[in-house]
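Printed here is work38.cif (mmCIF, N, CA and C atoms):
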```cif
data_run
loop_
_atom_site.label_atom_id
_atom_site.label_comp_id
_atom_site.auth_asym_id
_atom_site.auth_seq_id
_atom_site.Cartn_x
_atom_site.Cartn_y
_atom_site.Cartn_z
N MET A 288 -51.31 -57.24 56.07
CA MET A 288 -50.32 -56.70 55.15
C MET A 288 -50.78 -56.96 53.72
N SER A 289 -50.70 -55.94 52.91
CA SER A 289 -51.12 -56.05 51.52
C SER A 289 -49.94 -56.43 50.64
N ASN A 290 -50.19 -57.32 49.69
CA ASN A 290 -49.16 -57.71 48.74
C ASN A 290 -49.26 -56.93 47.44
N GLY A 291 -50.25 -56.01 47.36
CA GLY A 291 -50.44 -55.24 46.15
C GLY A 291 -49.30 -54.26 45.91
N LEU A 292 -48.98 -54.06 44.67
CA LEU A 292 -47.95 -53.09 44.31
C LEU A 292 -48.55 -51.70 44.28
N LYS A 293 -47.85 -50.74 44.83
CA LYS A 293 -48.31 -49.36 44.80
C LYS A 293 -47.41 -48.57 43.87
N GLN A 294 -48.05 -47.78 43.02
CA GLN A 294 -47.29 -46.97 42.07
C GLN A 294 -46.78 -45.72 42.76
N ASP A 295 -45.57 -45.33 42.42
CA ASP A 295 -45.08 -44.05 42.92
C ASP A 295 -45.40 -42.93 41.94
N LEU A 296 -45.53 -43.25 40.67
CA LEU A 296 -45.96 -42.33 39.62
C LEU A 296 -46.96 -43.08 38.74
N SER A 297 -47.92 -42.36 38.22
CA SER A 297 -48.92 -43.00 37.36
C SER A 297 -48.81 -42.47 35.93
N ILE A 298 -48.86 -43.39 34.99
CA ILE A 298 -48.89 -43.00 33.58
C ILE A 298 -50.32 -43.13 33.04
N GLY A 299 -51.25 -43.36 33.95
CA GLY A 299 -52.64 -43.59 33.56
C GLY A 299 -53.24 -42.51 32.70
N GLN A 300 -53.04 -41.25 33.07
CA GLN A 300 -53.62 -40.16 32.27
C GLN A 300 -53.03 -40.12 30.86
N ASN A 301 -51.75 -40.42 30.75
CA ASN A 301 -51.14 -40.46 29.42
C ASN A 301 -51.72 -41.62 28.60
N LEU A 302 -51.91 -42.77 29.24
CA LEU A 302 -52.49 -43.91 28.53
C LEU A 302 -53.91 -43.61 28.08
N LYS A 303 -54.67 -42.95 28.92
CA LYS A 303 -56.04 -42.57 28.57
C LYS A 303 -56.04 -41.62 27.37
N ALA A 304 -55.17 -40.63 27.40
CA ALA A 304 -55.09 -39.66 26.30
C ALA A 304 -54.69 -40.36 24.99
N LEU A 305 -53.75 -41.30 25.07
CA LEU A 305 -53.34 -42.03 23.87
C LEU A 305 -54.47 -42.90 23.33
N ARG A 306 -55.22 -43.51 24.24
CA ARG A 306 -56.36 -44.34 23.81
C ARG A 306 -57.39 -43.49 23.09
N LYS A 307 -57.68 -42.33 23.67
CA LYS A 307 -58.66 -41.44 23.05
C LYS A 307 -58.16 -40.91 21.70
N LYS A 308 -56.86 -40.62 21.64
CA LYS A 308 -56.28 -40.16 20.37
C LYS A 308 -56.41 -41.24 19.30
N ALA A 309 -56.31 -42.51 19.73
CA ALA A 309 -56.47 -43.64 18.81
C ALA A 309 -57.94 -43.93 18.50
N LYS A 310 -58.84 -43.13 19.13
CA LYS A 310 -60.28 -43.25 18.91
C LYS A 310 -60.81 -44.63 19.32
N LEU A 311 -60.34 -45.11 20.48
CA LEU A 311 -60.77 -46.40 21.00
C LEU A 311 -61.45 -46.20 22.35
N SER A 312 -62.50 -46.96 22.57
CA SER A 312 -63.11 -47.00 23.90
C SER A 312 -62.29 -47.94 24.77
N GLN A 313 -62.52 -47.91 26.06
CA GLN A 313 -61.82 -48.86 26.94
C GLN A 313 -62.17 -50.29 26.54
N ARG A 314 -63.40 -50.52 26.18
CA ARG A 314 -63.83 -51.86 25.76
C ARG A 314 -63.08 -52.31 24.51
N GLU A 315 -62.96 -51.41 23.53
CA GLU A 315 -62.26 -51.75 22.29
C GLU A 315 -60.76 -52.00 22.54
N ALA A 316 -60.14 -51.16 23.37
CA ALA A 316 -58.72 -51.34 23.68
C ALA A 316 -58.50 -52.65 24.41
N ALA A 317 -59.36 -52.97 25.38
CA ALA A 317 -59.24 -54.23 26.12
C ALA A 317 -59.42 -55.42 25.17
N ALA A 318 -60.34 -55.32 24.23
CA ALA A 318 -60.56 -56.39 23.26
C ALA A 318 -59.33 -56.59 22.39
N GLN A 319 -58.69 -55.50 21.97
CA GLN A 319 -57.49 -55.62 21.15
C GLN A 319 -56.34 -56.22 21.94
N LEU A 320 -56.25 -55.89 23.22
CA LEU A 320 -55.23 -56.53 24.07
C LEU A 320 -55.48 -58.02 24.14
N GLU A 321 -56.73 -58.42 24.30
CA GLU A 321 -57.08 -59.84 24.36
C GLU A 321 -56.67 -60.55 23.06
N ILE A 322 -56.92 -59.91 21.93
CA ILE A 322 -56.54 -60.48 20.64
C ILE A 322 -55.04 -60.72 20.57
N LEU A 323 -54.27 -59.83 21.19
CA LEU A 323 -52.81 -59.97 21.21
C LEU A 323 -52.33 -60.95 22.29
N GLY A 324 -53.27 -61.55 23.01
CA GLY A 324 -52.90 -62.54 24.01
C GLY A 324 -52.64 -61.96 25.39
N ILE A 325 -53.04 -60.72 25.61
CA ILE A 325 -52.87 -60.07 26.90
C ILE A 325 -54.23 -60.08 27.61
N PRO A 326 -54.37 -60.87 28.66
CA PRO A 326 -55.66 -60.89 29.38
C PRO A 326 -55.97 -59.51 29.97
N MET A 327 -57.10 -58.94 29.57
CA MET A 327 -57.44 -57.59 30.03
C MET A 327 -58.95 -57.40 29.98
N SER A 328 -59.49 -56.86 31.06
CA SER A 328 -60.90 -56.49 31.07
C SER A 328 -61.00 -54.98 30.97
N GLU A 329 -62.16 -54.50 30.59
CA GLU A 329 -62.42 -53.07 30.53
C GLU A 329 -62.23 -52.46 31.92
N ASN A 330 -62.63 -53.18 32.95
CA ASN A 330 -62.51 -52.71 34.34
C ASN A 330 -61.04 -52.53 34.74
N ILE A 331 -60.20 -53.48 34.40
CA ILE A 331 -58.77 -53.38 34.75
C ILE A 331 -58.12 -52.24 33.97
N LEU A 332 -58.47 -52.10 32.70
CA LEU A 332 -57.92 -51.00 31.91
C LEU A 332 -58.32 -49.66 32.52
N ALA A 333 -59.56 -49.55 32.99
CA ALA A 333 -60.01 -48.32 33.64
C ALA A 333 -59.17 -48.04 34.89
N LYS A 334 -58.89 -49.08 35.68
CA LYS A 334 -58.09 -48.92 36.89
C LYS A 334 -56.66 -48.51 36.55
N ILE A 335 -56.11 -49.05 35.47
CA ILE A 335 -54.76 -48.65 35.03
C ILE A 335 -54.76 -47.16 34.69
N GLU A 336 -55.78 -46.71 33.95
CA GLU A 336 -55.86 -45.31 33.55
C GLU A 336 -56.09 -44.39 34.74
N GLN A 337 -56.68 -44.90 35.80
CA GLN A 337 -56.92 -44.12 37.02
C GLN A 337 -55.71 -44.15 37.96
N GLY A 338 -54.71 -44.95 37.62
CA GLY A 338 -53.53 -45.08 38.48
C GLY A 338 -53.77 -45.95 39.68
N ARG A 339 -54.80 -46.79 39.63
CA ARG A 339 -55.15 -47.66 40.74
C ARG A 339 -54.71 -49.11 40.53
N TYR A 340 -54.02 -49.38 39.41
CA TYR A 340 -53.60 -50.74 39.09
C TYR A 340 -52.29 -50.63 38.33
N SER A 341 -51.30 -51.34 38.77
CA SER A 341 -49.98 -51.28 38.12
C SER A 341 -50.03 -51.94 36.74
N VAL A 342 -49.40 -51.30 35.81
CA VAL A 342 -49.39 -51.79 34.43
C VAL A 342 -48.14 -52.66 34.22
N ARG A 343 -48.34 -53.79 33.57
CA ARG A 343 -47.23 -54.70 33.27
C ARG A 343 -46.52 -54.24 31.99
N ILE A 344 -45.27 -54.62 31.90
CA ILE A 344 -44.46 -54.28 30.71
C ILE A 344 -45.09 -54.88 29.45
N SER A 345 -45.60 -56.10 29.55
CA SER A 345 -46.23 -56.73 28.38
C SER A 345 -47.43 -55.91 27.90
N VAL A 346 -48.15 -55.30 28.82
CA VAL A 346 -49.29 -54.46 28.45
C VAL A 346 -48.79 -53.21 27.74
N LEU A 347 -47.71 -52.60 28.26
CA LEU A 347 -47.16 -51.41 27.60
C LEU A 347 -46.69 -51.73 26.18
N LEU A 348 -46.06 -52.87 26.01
CA LEU A 348 -45.62 -53.26 24.67
C LEU A 348 -46.81 -53.39 23.72
N ALA A 349 -47.89 -54.00 24.19
CA ALA A 349 -49.07 -54.17 23.36
C ALA A 349 -49.77 -52.84 23.11
N LEU A 350 -49.86 -51.98 24.13
CA LEU A 350 -50.52 -50.69 23.95
C LEU A 350 -49.74 -49.80 22.98
N LYS A 351 -48.43 -49.91 22.99
CA LYS A 351 -47.62 -49.17 22.01
C LYS A 351 -48.05 -49.53 20.60
N GLN A 352 -48.28 -50.80 20.38
CA GLN A 352 -48.73 -51.27 19.06
C GLN A 352 -50.17 -50.84 18.78
N ILE A 353 -51.06 -51.05 19.74
CA ILE A 353 -52.48 -50.74 19.54
C ILE A 353 -52.70 -49.24 19.34
N TYR A 354 -52.01 -48.42 20.12
CA TYR A 354 -52.19 -46.97 20.03
C TYR A 354 -51.33 -46.35 18.93
N ASN A 355 -50.54 -47.19 18.27
CA ASN A 355 -49.73 -46.77 17.13
C ASN A 355 -48.80 -45.61 17.48
N VAL A 356 -48.04 -45.80 18.57
CA VAL A 356 -47.07 -44.78 18.95
C VAL A 356 -45.67 -45.30 18.62
N LYS A 357 -44.80 -44.38 18.26
CA LYS A 357 -43.45 -44.77 17.82
C LYS A 357 -42.48 -44.96 18.98
N SER A 358 -42.72 -44.24 20.08
CA SER A 358 -41.77 -44.27 21.18
C SER A 358 -42.49 -44.44 22.51
N PHE A 359 -41.84 -45.14 23.42
CA PHE A 359 -42.40 -45.29 24.77
C PHE A 359 -42.38 -43.97 25.53
N ASP A 360 -41.62 -43.00 25.04
CA ASP A 360 -41.52 -41.71 25.71
C ASP A 360 -42.88 -41.07 25.94
N VAL A 361 -43.81 -41.26 25.02
CA VAL A 361 -45.13 -40.64 25.17
C VAL A 361 -45.88 -41.17 26.39
N PHE A 362 -45.58 -42.39 26.80
CA PHE A 362 -46.22 -42.94 27.99
C PHE A 362 -45.81 -42.16 29.24
N PHE A 363 -44.60 -41.61 29.24
CA PHE A 363 -44.03 -40.96 30.41
C PHE A 363 -43.97 -39.44 30.29
N ASP A 364 -44.59 -38.91 29.26
CA ASP A 364 -44.59 -37.47 29.00
C ASP A 364 -45.14 -36.71 30.21
N GLY A 365 -44.40 -35.70 30.65
CA GLY A 365 -44.84 -34.84 31.73
C GLY A 365 -44.60 -35.36 33.13
N LEU A 366 -44.03 -36.54 33.27
CA LEU A 366 -43.75 -37.08 34.60
C LEU A 366 -42.38 -36.62 35.08
N HIS A 367 -42.33 -36.26 36.34
CA HIS A 367 -41.07 -35.80 36.94
C HIS A 367 -40.91 -36.42 38.30
N LEU A 368 -39.67 -36.62 38.71
CA LEU A 368 -39.38 -37.12 40.07
C LEU A 368 -39.38 -35.99 41.05
#
```

Produce structure tokens that represent the structure in this file.
Amino acid sequence: MSNGLKQDLSIGQNLKALRKKAKLSQREAAAQLEILGIPMSENILAKIEQGRYSVRISVLLALKQIYNVKSFDVFFDGLHL
């Protein structure tokens, strides 16, 4: 039995688009998360963007700041139930 969390919807593509809009590589974004005290590797960030790793709320809060977005709505743009 796996204890891993499985996502029912992924915001990975939106996060990737926001990172690219901010002109950051995965390495640079992961480094900025580390500076903010959020442990993150480039590999884990890639998995988040691929929808293969669940994103924590603390990471979303930090990415909102790093990607300079005003609303969390952009993270969920285009997602439907």

Every residue of chain A that DSSP places in helix (DSSP H, G or I), as a ChimeraX atom specification: /A:299-308,313-322,329-336,344-353,359-363

Between atom CA of A:Lys308 and atom CA of A:Val356 - distance in Å to one decimal: 10.4 Å

Distance in Å - atom CA of A:Ile322 versus atom CA of A:Gln352: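 Taking atom CA of A:Ile322 as the start and atom CA of A:Gln352 as the end point, the length is 12.2 Å.
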
From A:Met327, A:Ala349, A:Ile335, A:Arg314, residue lying nearest A:Ser297 [only N, CA and C atoms]: A:Ile335

Output of the PyMOL selection byres (((chain A and resi 361-363 and name CA) around 10) and name CA), listed as a VMD selection string: chain A and resid 296 to 305 347 350 to 351 356 to 360 364 to 367

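Reported to one decimal place, the separation of atom C of A:Asp295 from atom C of A:Leu348 is 21.1 Å.
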
Selection dump of the PyMOL selection byres (((chain A and resi 328 and name CA) around 8) and name CA), as a PyMOL selection string: chain A and resi 314+317-318+326-327+329-332
